[in-house]
>>> print(open('input-v6.tsv').read())   # TSV, C-alpha atoms
chain	number	residue	atom	x	y	z
S	1	MET	CA	100.45	121.82	113.98
S	2	VAL	CA	98.38	118.98	112.49
S	3	GLN	CA	94.92	120.24	111.55
S	4	GLY	CA	93.50	117.15	109.92
S	5	PHE	CA	94.19	114.16	107.71
S	6	LEU	CA	94.78	113.94	103.98
S	7	LEU	CA	93.38	110.67	102.64
S	8	LYS	CA	94.55	109.27	99.33
S	9	TYR	CA	92.89	106.63	97.21
S	10	ALA	CA	94.14	104.52	94.31
S	11	GLU	CA	91.62	102.62	92.18
S	12	ILE	CA	88.89	105.20	92.61
S	13	GLY	CA	90.99	107.55	90.50
S	14	ILE	CA	90.35	105.51	87.33
S	15	LYS	CA	86.55	105.49	87.61
S	16	GLY	CA	86.06	108.31	85.11
S	17	LYS	CA	82.70	110.08	85.23
S	18	ASN	CA	81.52	107.83	88.07
S	19	ARG	CA	84.43	108.72	90.32
S	20	TYR	CA	82.40	111.17	92.39
S	21	LYS	CA	80.08	108.33	93.46
S	22	PHE	CA	83.01	106.37	94.86
S	23	GLU	CA	84.45	109.49	96.48
S	24	ASN	CA	81.12	110.24	98.14
S	25	ALA	CA	80.85	106.65	99.37
S	26	LEU	CA	84.36	106.85	100.81
S	27	CYS	CA	83.59	110.15	102.54
S	28	GLU	CA	80.54	108.57	104.15
S	29	GLN	CA	82.53	105.58	105.41
S	30	VAL	CA	85.17	107.92	106.86
S	31	ARG	CA	82.43	109.90	108.64
S	32	ILE	CA	80.98	106.70	110.11
S	33	LYS	CA	84.40	105.55	111.29
S	34	LEU	CA	85.37	108.90	112.84
S	35	SER	CA	81.99	109.23	114.58
S	36	LYS	CA	83.04	106.34	116.85
S	37	ILE	CA	86.07	108.10	118.34
S	38	ASP	CA	86.66	111.30	120.28
S	39	GLY	CA	86.71	114.54	118.36
S	40	SER	CA	84.71	116.30	115.68
S	41	TYR	CA	85.61	116.12	111.99
S	42	ASN	CA	84.53	117.72	108.74
S	43	VAL	CA	85.06	115.29	105.86
S	44	VAL	CA	85.18	116.70	102.31
S	45	ARG	CA	86.51	115.66	98.90
S	46	SER	CA	88.78	118.00	97.00
S	47	GLN	CA	90.73	117.55	93.75
S	48	GLY	CA	91.51	113.84	93.97
S	49	ARG	CA	91.87	113.74	97.73
S	50	ILE	CA	89.63	113.29	100.78
S	51	TYR	CA	90.32	115.68	103.64
S	52	ALA	CA	89.18	115.07	107.22
S	53	GLU	CA	89.48	118.37	109.08
S	54	ALA	CA	89.59	118.17	112.86
S	55	THR	CA	87.36	120.85	114.35
S	56	GLY	CA	88.34	120.22	117.96
S	57	ASP	CA	90.76	118.25	120.12
S	58	PHE	CA	91.68	114.77	118.90
S	59	ASP	CA	94.12	111.90	119.39
S	60	CYS	CA	96.21	111.69	116.22
S	61	ASP	CA	97.29	108.07	116.81
S	62	GLU	CA	93.72	106.94	117.45
S	63	VAL	CA	92.45	108.60	114.27
S	64	ILE	CA	95.15	106.92	112.17
S	65	GLU	CA	94.53	103.55	113.83
S	66	GLU	CA	90.88	103.69	112.73
S	67	LEU	CA	91.38	105.21	109.28
S	68	ILE	CA	93.84	102.51	108.19
S	69	THR	CA	90.95	100.02	108.43
S	70	VAL	CA	88.67	101.86	105.95
S	71	PRO	CA	88.49	100.12	102.55
S	72	GLY	CA	89.18	102.55	99.72
S	73	ILE	CA	91.90	104.54	101.49
S	74	SER	CA	95.40	103.83	100.21
S	75	ALA	CA	97.30	106.27	102.47
S	76	ILE	CA	96.73	108.61	105.41
S	77	SER	CA	98.82	111.66	106.29
S	78	PRO	CA	98.47	114.02	109.26
S	79	VAL	CA	98.53	117.38	107.53
S	80	LYS	CA	98.85	121.11	108.06
S	81	VAL	CA	96.63	123.21	105.82
S	82	VAL	CA	97.54	126.73	104.73
S	83	ALA	CA	94.93	128.99	103.14
S	84	ASP	CA	97.43	131.71	102.16
S	85	LYS	CA	99.18	130.34	99.04
S	86	SER	CA	101.76	133.09	98.78
S	87	TRP	CA	105.24	131.61	98.61
S	88	GLU	CA	106.51	133.35	101.73
S	89	SER	CA	103.55	132.02	103.69
S	90	VAL	CA	104.03	128.49	102.34
S	91	LYS	CA	107.75	128.49	103.20
S	92	LYS	CA	107.19	129.67	106.75
S	93	ALA	CA	104.29	127.28	107.32
S	94	THR	CA	106.40	124.35	106.12
S	95	GLY	CA	109.27	125.31	108.39
S	96	ASP	CA	106.92	125.75	111.35
S	97	PHE	CA	105.39	122.35	110.61
S	98	ILE	CA	108.82	120.66	110.58
S	99	GLU	CA	109.79	122.37	113.82
S	100	LYS	CA	106.54	121.33	115.49
S	101	GLN	CA	106.87	117.73	114.30
S	102	TYR	CA	110.57	117.18	114.88
S	103	GLY	CA	111.81	119.92	117.22
S	104	ASN	CA	115.41	120.57	116.17
S	105	PRO	CA	115.50	118.27	113.10
S	106	ASP	CA	118.65	116.30	112.40
S	107	PHE	CA	118.07	113.99	109.44
S	108	SER	CA	118.35	113.72	105.67
S	109	PHE	CA	115.31	114.82	103.68
S	110	LYS	CA	113.81	115.31	100.26
S	111	VAL	CA	111.00	117.68	99.30
S	112	LYS	CA	108.25	116.27	97.10
S	113	SER	CA	105.54	118.39	95.54
S	114	LYS	CA	102.28	118.16	93.63
S	115	ARG	CA	100.69	121.19	92.03
S	116	SER	CA	97.10	120.95	90.81
S	117	ASP	CA	96.99	124.76	90.69
S	118	LYS	CA	98.77	125.16	87.35
S	119	GLY	CA	98.79	128.93	87.66
S	120	TYR	CA	101.00	128.84	90.73
S	121	ILE	CA	104.20	130.88	90.74
S	122	TYR	CA	106.44	127.79	90.73
S	123	THR	CA	106.28	124.43	89.00
S	124	SER	CA	106.51	121.25	91.10
S	125	PRO	CA	110.30	120.81	90.52
S	126	GLU	CA	110.85	124.49	91.37
S	127	ILE	CA	108.83	124.15	94.57
S	128	CYS	CA	111.06	121.24	95.61
S	129	THR	CA	114.24	123.20	94.88
S	130	GLU	CA	113.14	126.46	96.54
S	131	MET	CA	111.66	124.74	99.60
S	132	GLY	CA	114.73	122.56	100.03
S	133	ALA	CA	116.98	125.62	100.01
S	134	TYR	CA	114.76	127.40	102.55
S	135	LEU	CA	114.69	124.45	104.95
S	136	LEU	CA	118.47	124.00	104.73
S	137	SER	CA	118.95	127.64	105.66
S	138	ARG	CA	116.47	127.44	108.56
S	139	PHE	CA	117.56	124.12	110.11
S	140	LYS	CA	121.29	123.46	110.34
S	141	GLY	CA	120.82	119.75	111.17
S	142	LEU	CA	119.11	118.97	107.87
S	143	LYS	CA	120.87	117.58	104.84
S	144	VAL	CA	119.50	116.72	101.41
S	145	ASP	CA	119.47	113.13	100.15
S	146	VAL	CA	117.47	112.72	96.95
S	147	GLN	CA	118.21	108.96	96.67
S	148	ASN	CA	117.43	107.58	100.11
S	149	PRO	CA	116.19	110.30	102.49
S	150	GLU	CA	115.16	109.55	106.04
S	151	VAL	CA	112.16	111.90	105.73
S	152	TYR	CA	110.06	113.05	102.79
S	153	ILE	CA	108.49	116.48	103.14
S	154	TRP	CA	105.40	116.91	100.99
S	155	VAL	CA	104.01	120.23	99.78
S	156	GLU	CA	100.81	119.96	97.72
S	157	ILE	CA	99.49	123.12	96.07
S	158	ARG	CA	95.74	122.68	95.55
S	159	ASP	CA	92.79	124.91	96.44
S	160	MET	CA	94.84	125.36	99.62
S	161	VAL	CA	98.33	124.18	100.55
S	162	TYR	CA	98.74	120.80	102.26
S	163	ILE	CA	101.97	120.08	104.14
S	164	TYR	CA	102.87	116.69	105.59
S	165	SER	CA	105.81	114.36	106.19
S	166	LYS	CA	104.33	111.08	107.37
S	167	VAL	CA	102.39	108.60	105.25
S	168	TYR	CA	100.57	105.63	106.76
S	169	LYS	CA	99.50	102.75	104.51
S	170	GLY	CA	95.73	102.30	104.27
S	171	ALA	CA	93.61	99.22	103.58
S	172	GLY	CA	93.35	99.96	99.84
S	173	GLY	CA	90.59	98.54	97.69
S	174	MET	CA	87.16	100.11	97.15
S	175	PRO	CA	84.71	101.89	99.48
S	176	LEU	CA	82.19	99.73	101.29
S	177	GLY	CA	78.81	99.40	99.62
S	178	THR	CA	79.96	100.28	96.11
S	179	ALA	CA	79.94	96.63	95.00
S	180	GLY	CA	76.70	95.43	96.61
S	181	LYS	CA	76.11	93.08	99.54
S	182	ALA	CA	76.94	89.39	100.09
S	183	MET	CA	76.24	86.72	102.70
S	184	LEU	CA	79.36	85.39	104.44
S	185	LEU	CA	79.28	81.82	105.78
S	186	LEU	CA	81.08	82.51	109.06
S	187	SER	CA	82.39	79.65	111.19
S	188	GLY	CA	84.64	79.77	114.20
S	189	GLY	CA	87.73	78.91	112.17
S	190	ILE	CA	90.60	80.93	110.80
S	191	ASP	CA	89.54	81.12	107.15
S	192	SER	CA	86.04	82.60	106.93
S	193	PRO	CA	86.78	85.82	108.88
S	194	VAL	CA	89.74	86.43	106.55
S	195	ALA	CA	87.47	85.83	103.54
S	196	GLY	CA	85.05	88.43	104.91
S	197	TYR	CA	87.86	90.92	105.31
S	198	MET	CA	89.19	90.26	101.81
S	199	ILE	CA	85.82	90.66	100.07
S	200	SER	CA	84.97	93.81	102.06
S	201	LYS	CA	88.15	95.42	100.68
S	202	ARG	CA	86.53	95.18	97.24
S	203	GLY	CA	83.61	97.33	98.35
S	204	VAL	CA	81.25	94.50	99.34
S	205	SER	CA	79.04	94.99	102.41
S	206	LEU	CA	78.34	91.88	104.46
S	207	ASP	CA	75.69	89.96	106.29
S	208	ALA	CA	76.84	86.69	107.82
S	209	VAL	CA	75.36	83.31	108.75
S	210	TYR	CA	76.58	80.92	111.43
S	211	PHE	CA	75.34	77.34	111.80
S	212	HIS	CA	74.93	76.41	115.46
S	213	ALA	CA	74.34	72.83	116.67
S	214	PRO	CA	73.39	72.77	120.35
S	215	PRO	CA	74.08	70.81	122.51
S	216	TYR	CA	76.97	69.54	120.34
S	217	THR	CA	78.33	73.06	120.03
S	218	SER	CA	78.41	75.25	123.14
S	219	GLU	CA	77.29	78.81	123.80
S	220	ARG	CA	80.99	79.65	124.03
S	221	ALA	CA	81.37	78.54	120.41
S	222	LYS	CA	78.51	80.87	119.43
S	223	GLU	CA	80.02	83.77	121.43
S	224	LYS	CA	83.32	83.16	119.66
S	225	VAL	CA	81.65	83.61	116.25
S	226	VAL	CA	79.87	86.79	117.43
S	227	THR	CA	83.27	88.14	118.50
S	228	LEU	CA	84.74	87.24	115.10
S	229	ALA	CA	81.87	89.04	113.34
S	230	ARG	CA	82.59	92.15	115.40
S	231	GLN	CA	86.30	91.94	114.62
S	232	VAL	CA	85.58	91.63	110.89
S	233	SER	CA	83.13	94.55	111.15
S	234	ARG	CA	86.08	96.80	111.94
S	235	TYR	CA	86.88	96.57	108.23
S	236	ALA	CA	83.53	95.53	106.76
S	237	GLY	CA	81.21	97.87	108.64
S	238	LYS	CA	78.20	96.75	110.65
S	239	ILE	CA	77.34	93.07	110.07
S	240	ARG	CA	74.03	91.37	110.77
S	241	LEU	CA	74.87	87.85	111.95
S	242	PHE	CA	72.18	85.22	111.37
S	243	THR	CA	72.49	82.24	113.73
S	244	VAL	CA	70.81	79.12	112.34
S	245	ASN	CA	70.01	76.14	114.56
S	246	PHE	CA	71.34	73.27	112.45
S	247	THR	CA	71.11	70.39	114.96
S	248	ASP	CA	67.98	68.67	113.69
S	249	ILE	CA	69.14	68.81	110.07
S	250	GLN	CA	72.56	67.42	110.97
S	251	MET	CA	71.13	64.58	113.03
S	252	TYR	CA	68.66	63.68	110.28
S	253	ILE	CA	71.43	63.57	107.67
S	254	TYR	CA	73.61	61.57	110.10
S	255	GLU	CA	70.86	58.98	110.59
S	256	LYS	CA	69.85	58.58	106.93
S	257	CYS	CA	72.89	59.21	104.71
S	258	PRO	CA	76.23	57.41	104.19
S	259	HIS	CA	78.71	58.67	106.75
S	260	GLU	CA	81.48	59.25	104.21
S	261	GLU	CA	79.13	61.73	102.49
S	262	LEU	CA	78.03	63.57	105.66
S	263	THR	CA	80.31	66.58	105.20
S	264	ILE	CA	79.39	67.27	101.60
S	265	ILE	CA	75.63	66.79	102.14
S	266	MET	CA	75.63	69.00	105.22
S	267	ARG	CA	77.60	71.57	103.29
S	268	ARG	CA	75.04	71.53	100.47
S	269	TYR	CA	72.24	72.24	102.94
S	270	MET	CA	74.22	75.02	104.56
S	271	MET	CA	74.60	76.62	101.14
S	272	ARG	CA	70.87	76.25	100.44
S	273	ILE	CA	69.97	77.92	103.75
S	274	ALA	CA	72.59	80.65	103.33
S	275	GLU	CA	71.30	81.41	99.84
S	276	ALA	CA	67.71	81.66	101.07
S	277	LEU	CA	68.74	84.09	103.81
S	278	ALA	CA	70.83	86.02	101.29
S	279	ALA	CA	67.91	86.35	98.89
S	280	ASN	CA	65.61	87.50	101.71
S	281	ASN	CA	68.09	90.21	102.70
S	282	LYS	CA	69.04	91.67	99.30
S	283	CYS	CA	72.42	89.97	99.03
S	284	ILE	CA	73.60	89.11	95.54
S	285	GLY	CA	76.20	86.46	96.35
S	286	LEU	CA	77.65	84.10	98.95
S	287	VAL	CA	81.17	84.29	100.42
S	288	THR	CA	83.10	81.36	101.90
S	289	GLY	CA	86.60	80.82	103.27
S	290	GLU	CA	87.29	77.76	101.17
S	291	SER	CA	90.74	77.06	99.73
S	292	ILE	CA	91.37	74.30	97.19
S	293	GLY	CA	92.48	71.05	98.80
S	294	GLN	CA	92.62	72.30	102.38
S	295	VAL	CA	90.09	69.72	103.63
S	296	ALA	CA	87.93	67.01	102.06
S	297	SER	CA	85.01	69.37	101.40
S	298	GLN	CA	87.31	71.76	99.52
S	299	THR	CA	88.66	69.57	96.75
S	300	MET	CA	87.79	70.66	93.23
S	301	GLN	CA	85.25	67.84	93.00
S	302	SER	CA	83.66	68.73	96.37
S	303	LEU	CA	83.40	72.41	95.49
S	304	ALA	CA	81.74	71.53	92.19
S	305	VAL	CA	79.16	69.36	93.96
S	306	THR	CA	78.56	72.09	96.55
S	307	ASN	CA	78.12	74.73	93.85
S	308	GLU	CA	75.46	72.63	92.16
S	309	VAL	CA	72.81	73.64	94.72
S	310	CYS	CA	73.51	77.38	94.43
S	311	HIS	CA	71.88	79.81	92.04
S	312	MET	CA	73.75	82.83	93.38
S	313	PRO	CA	77.46	83.27	92.62
S	314	VAL	CA	79.76	81.93	95.35
S	315	TYR	CA	82.84	84.06	95.99
S	316	ARG	CA	85.91	82.41	97.49
S	317	PRO	CA	88.59	85.07	98.06
S	318	LEU	CA	91.03	82.52	99.56
S	319	ILE	CA	90.67	79.85	96.89
S	320	ALA	CA	94.40	79.72	95.97
S	321	PHE	CA	95.89	80.77	99.32
S	322	ASP	CA	98.22	78.56	101.34
S	323	LYS	CA	97.22	78.12	104.97
S	324	GLN	CA	100.12	80.22	106.20
S	325	ASP	CA	99.05	83.06	103.90
S	326	ILE	CA	95.62	82.97	105.55
S	327	VAL	CA	97.10	82.81	109.05
S	328	ASN	CA	99.27	85.84	108.31
S	329	ILE	CA	96.24	87.91	107.31
S	330	ALA	CA	94.25	86.66	110.33
S	331	GLU	CA	97.05	87.86	112.60
S	332	LYS	CA	97.15	91.20	110.79
S	333	ILE	CA	93.42	91.88	111.18
S	334	GLY	CA	93.22	90.60	114.76
S	335	THR	CA	91.02	87.51	114.30
S	336	PHE	CA	93.61	84.76	114.69
S	337	GLU	CA	93.69	84.54	118.50
S	338	THR	CA	89.89	84.37	118.60
S	339	SER	CA	89.72	81.76	115.83
S	340	ILE	CA	92.06	79.33	117.59
S	341	GLN	CA	90.04	79.28	120.81
S	342	PRO	CA	89.12	75.59	121.39
S	343	TYR	CA	85.36	75.74	120.86
S	344	GLU	CA	84.16	73.36	118.15
S	345	ASP	CA	81.73	74.38	115.40
S	346	CYS	CA	79.06	72.15	113.88
S	347	CYS	CA	81.23	71.10	110.93
S	348	THR	CA	83.96	69.58	113.08
S	349	ILE	CA	81.58	67.80	115.46
S	350	PHE	CA	80.00	65.65	112.74
S	351	VAL	CA	82.99	65.09	110.48
S	352	ALA	CA	83.34	61.56	109.10
S	353	LYS	CA	86.46	59.49	109.77
S	354	HIS	CA	86.94	58.85	106.06
S	355	PRO	CA	85.05	61.54	104.12
S	356	VAL	CA	84.69	61.25	100.37
S	357	THR	CA	87.17	63.55	98.63
S	358	LYS	CA	85.96	63.13	95.05
S	359	PRO	CA	82.18	63.07	95.32
S	360	ARG	CA	79.95	62.63	92.28
S	361	ALA	CA	76.91	64.85	92.02
S	362	ASP	CA	74.62	62.04	90.90
S	363	VAL	CA	75.64	59.86	93.85
S	364	ILE	CA	75.12	62.69	96.33
S	365	ARG	CA	71.72	63.55	94.85
S	366	ASN	CA	70.71	59.91	95.18
S	367	SER	CA	71.77	59.89	98.85
S	368	GLU	CA	69.77	63.06	99.48
S	369	LYS	CA	66.62	61.22	98.36
S	370	LYS	CA	66.80	59.36	101.69
S	371	ILE	CA	65.98	62.59	103.53
S	372	GLU	CA	63.32	63.92	101.16
S	373	GLU	CA	60.47	63.13	103.55
S	374	LYS	CA	61.31	65.77	106.16
S	375	ILE	CA	64.23	67.88	104.95
S	376	GLU	CA	62.34	70.68	103.21
S	377	GLU	CA	60.23	71.42	106.26
S	378	MET	CA	63.32	71.28	108.48
S	379	VAL	CA	65.11	73.75	106.22
S	380	LYS	CA	62.13	76.15	106.36
S	381	THR	CA	62.10	75.91	110.14
S	382	ALA	CA	65.83	76.61	110.34
S	383	ILE	CA	65.45	79.70	108.14
S	384	ASN	CA	62.37	81.02	109.95
S	385	THR	CA	63.87	80.59	113.42
S	386	ALA	CA	67.26	82.14	112.67
S	387	THR	CA	68.19	84.82	115.18
S	388	ILE	CA	69.98	88.08	114.32
S	389	THR	CA	72.86	89.72	116.20
S	390	GLU	CA	74.15	93.18	115.24
S	391	ALA	CA	77.94	93.05	115.09
S	392	ASP	CA	79.57	96.47	115.03
S	393	TRP	CA	83.17	97.28	115.96
S	394	GLN	CA	83.71	99.79	118.76
S	395	PRO	CA	87.24	101.21	119.06
S	396	HIS	CA	87.25	101.09	122.86
S	397	GLY	CA	86.32	97.43	123.15
S	398	ILE	CA	83.95	94.84	121.69
>>> encode(input="input-v6.tsv", output="C-alpha cells")
Amino acid sequence: MVQGFLLKYAEIGIKGKNRYKFENALCEQVRIKLSKIDGSYNVVRSQGRIYAEATGDFDCDEVIEELITVPGISAISPVKVVADKSWESVKKATGDFIEKQYGNPDFSFKVKSKRSDKGYIYTSPEICTEMGAYLLSRFKGLKVDVQNPEVYIWVEIRDMVYIYSKVYKGAGGMPLGTAGKAMLLLSGGIDSPVAGYMISKRGVSLDAVYFHAPPYTSERAKEKVVTLARQVSRYAGKIRLFTVNFTDIQMYIYEKCPHEELTIIMRRYMMRIAEALAANNKCIGLVTGESIGQVASQTMQSLAVTNEVCHMPVYRPLIAFDKQDIVNIAEKIGTFETSIQPYEDCCTIFVAKHPVTKPRADVIRNSEKKIEEKIEEMVKTAINTATITEADWQPHGI
C-alpha cells in the first residue's frame, strides 16, 4: 500500500553547507502545492530526500500530477515505508507491495538498492541479490533481467525503509524563491509564458506586467493574458499581474515619431515602465520571451538598443531557441492553446509595415526627443494607475 511520496532532487545535492536552505524551501513549496488538493500530508526532509507522508485518503494520480510541476523536484515515487528494518520484515513488505501494485506479477524485473544506513546487515549489492531471490521464490511469473527489465524495484535503507517501483520525472531545477524575484513582461503570445516557466525552474519567483491598449486591444485580450498568468503560476507559484494602460503613450509615440521606429521606441518605454514596477516591488531583474532574430525588435541591434534604457539585468531564457522549440514547451506546460487565441495585444496593433531591423541608439534617442514634452508625465500616470490581478493556479480549474 502506498503511504506517501518520495521526492528526489538533483542540483540541491551539491549546495554544500547551504543545502538545508534549499531543502527547506522545497519542502515549503511542496506543502503549498499539496494544500490545494484533497488529502492531508506531512512533508519532511530526510537524508537527501523529501518525503510527503499522506495522513488520510488521497488520489495518487492527482498528487503526482501536481508534484511534477514543482521546480526543484527531479523525480517522484509513490512509496511504502517500513519502520521495522529487520530483513524478514523488509522482504515481506516488499513482496506485499509488489502484490498490491501488480496483483499476480508477470514481468521481468531488477532490484535496485541504496543504503545510507551503513551498519545494515547487508550491503546494497547484497540487498539486491537477496531480495531478487526472495521475489523469484514468491512470485512465479517474475523473471530477472539486469540489462533491460520491465520494472525496477527499489529498496532504500535509510532511517526507515522505502520501497517503490515507479518513478515519475519532475520539473527539475531549483526551488521557487531561492534565486530572488523578477518581473516578467507577459504578452498574449506564445513566447513570454514559456520564458516565465523557464526562469521559474531556476528558483526565480515572478511578478508580471501586461501592456493593455484599449480600445485597440479588447477585454478578451486582457482576459487571455490573465489566463496565461494563471497557467504559468502552476509552475511559478502565485503571480501578481500588473496591467498597464499603454494607449496614450502608444498614440503619442505614433503621432510624433518615425513609423519605422515605432516598435523599438514603444519597446523601450515598456522596459522603462516594467523596470519601475520591478523596483517598486523588490524584483531584481526583468524577464522577456525574446529570441534572436524572431521579429524586427529582436535582432541583436534591436536588443542592444532596448537594453540601453535598463539598469536592471534583463533575462531572456529563450534567446537561442527556435520557434518550434518554444512551441513544444508551450504545449507541454499547457499555454499554447491559450496563446494562439486570436486576440491582438498592443504590440501587434501598432506594428509598422517596414520596421527598422538595425536601429542605432543615437538615432532612436534623437527621435525620442520629439516626445520629451509629455512622455515623462504619461509614464508616471501609466505606472500609478496600473491595476493588479492575483494569478494563482487551482488544480480543479482556473
>>> residues_around(input="input-v6.tsv", residues="Thr243 in chain S", least_positions_apart="6", cutoff="12 Å", atoms="all atoms listed in the file", output="PyMOL selection string")
chain S and resi 184-187+207-214+219+221-223+225-226+229+270+273-274+277+382-390
>>> residues_around(input="input-v6.tsv", residues="Ile14 in chain S", least_positions_apart="4", cutoff="12 Å", atoms="only C-alpha atoms", output="JSON list (two decimals) with C-alpha atoms, in the frame of the given file")
[["chain", "number", "residue", "atom", "x", "y", "z"],
["S", 9, "TYR", "CA", 92.89, 106.63, 97.21],
["S", 10, "ALA", "CA", 94.14, 104.52, 94.31],
["S", 18, "ASN", "CA", 81.52, 107.83, 88.07],
["S", 19, "ARG", "CA", 84.43, 108.72, 90.32],
["S", 20, "TYR", "CA", 82.40, 111.17, 92.39],
["S", 22, "PHE", "CA", 83.01, 106.37, 94.86],
["S", 23, "GLU", "CA", 84.45, 109.49, 96.48],
["S", 48, "GLY", "CA", 91.51, 113.84, 93.97],
["S", 174, "MET", "CA", 87.16, 100.11, 97.15]]
>>> residues_around(input="input-v6.tsv", residues="range 115-122 of chain S", least_positions_apart="6", cutoff="6 Å", atoms="all atoms listed in the file", output="list in words")
Glu156, Ile157 and Arg158 of chain S
>>> atom_distance(input="input-v6.tsv", atom1="CA of Asp38 in chain S", atom2="CA of Asp57 in chain S")
8.1 Å
>>> closest_residue(input="input-v6.tsv", among="S:Thr288, S:Thr263, S:Ser339, S:Thr381", to="Leu318 in chain S", atoms="all atoms listed in the file")
S:Thr288
>>> axis_aligned_box(input="input-v6.tsv", around="range 249-258 of chain S", padding_each_side="4 Å", output="JSON")
{"center_x": 72.4, "center_y": 63.1, "center_z": 108.6, "size_x": 15.6, "size_y": 19.4, "size_z": 16.8}
>>> residues_around(input="input-v6.tsv", residues="Pro105 in chain S", least_positions_apart="6", cutoff="12 Å", atoms="all atoms listed in the file", output="VMD selection string")
chain S and resid 95 to 99 135 to 136 138 to 143 150 to 151
>>> write_last_selection(input="input-v6.tsv", atoms="C-alpha atoms", output="compact mmCIF listing (two decimals), keeping the file's coordinate frame")
# COMPACT_ATOMS: atom_id res chain seq x y z
CA GLY S 95 109.27 125.31 108.39
CA ASP S 96 106.92 125.75 111.35
CA PHE S 97 105.39 122.35 110.61
CA ILE S 98 108.82 120.66 110.58
CA GLU S 99 109.79 122.37 113.82
CA LEU S 135 114.69 124.45 104.95
CA LEU S 136 118.47 124.00 104.73
CA ARG S 138 116.47 127.44 108.56
CA PHE S 139 117.56 124.12 110.11
CA LYS S 140 121.29 123.46 110.34
CA GLY S 141 120.82 119.75 111.17
CA LEU S 142 119.11 118.97 107.87
CA LYS S 143 120.87 117.58 104.84
CA GLU S 150 115.16 109.55 106.04
CA VAL S 151 112.16 111.90 105.73
>>> atom_distance(input="input-v6.tsv", atom1="CA of Asn366 in chain S", atom2="CA of Gln294 in chain S")
26.2 Å
>>> atom_distance(input="input-v6.tsv", atom1="CA of Ile239 in chain S", atom2="CA of Asp322 in chain S")
26.9 Å
>>> closest_residue(input="input-v6.tsv", among="S:Ser113, S:Thr178, S:Ser108, S:Thr123", to="Asn148 in chain S", atoms="only C-alpha atoms")
S:Ser108
>>> residues_near_point(input="input-v6.tsv", point="(70.3, 65.8, 115.4)", cutoff="12 Å", atoms="all atoms listed in the file", output="number ranges by chain")
S: 212-217, 245-256, 266, 346, 349-350, 378
>>> write_last_selection(input="input-v6.tsv", atoms="C-alpha atoms", output="JSON list (two decimals), in the coordinates of the input")
[["chain", "number", "residue", "atom", "x", "y", "z"],
["S", 212, "HIS", "CA", 74.93, 76.41, 115.46],
["S", 213, "ALA", "CA", 74.34, 72.83, 116.67],
["S", 214, "PRO", "CA", 73.39, 72.77, 120.35],
["S", 215, "PRO", "CA", 74.08, 70.81, 122.51],
["S", 216, "TYR", "CA", 76.97, 69.54, 120.34],
["S", 217, "THR", "CA", 78.33, 73.06, 120.03],
["S", 245, "ASN", "CA", 70.01, 76.14, 114.56],
["S", 246, "PHE", "CA", 71.34, 73.27, 112.45],
["S", 247, "THR", "CA", 71.11, 70.39, 114.96],
["S", 248, "ASP", "CA", 67.98, 68.67, 113.69],
["S", 249, "ILE", "CA", 69.14, 68.81, 110.07],
["S", 250, "GLN", "CA", 72.56, 67.42, 110.97],
["S", 251, "MET", "CA", 71.13, 64.58, 113.03],
["S", 252, "TYR", "CA", 68.66, 63.68, 110.28],
["S", 253, "ILE", "CA", 71.43, 63.57, 107.67],
["S", 254, "TYR", "CA", 73.61, 61.57, 110.10],
["S", 255, "GLU", "CA", 70.86, 58.98, 110.59],
["S", 256, "LYS", "CA", 69.85, 58.58, 106.93],
["S", 266, "MET", "CA", 75.63, 69.00, 105.22],
["S", 346, "CYS", "CA", 79.06, 72.15, 113.88],
["S", 349, "ILE", "CA", 81.58, 67.80, 115.46],
["S", 350, "PHE", "CA", 80.00, 65.65, 112.74],
["S", 378, "MET", "CA", 63.32, 71.28, 108.48]]
>>> residues_around(input="input-v6.tsv", residues="Ile76 in chain S", least_positions_apart="2", cutoff="9 Å", atoms="only C-alpha atoms", output="ChimeraX atom specification")
/S:5-8,64,67-68,73-74,78,166-170
>>> closest_residue(input="input-v6.tsv", among="S:Val44, S:Gly4, S:Gly289, S:Glu261", to="Gly189 in chain S", atoms="all atoms listed in the file")
S:Gly289
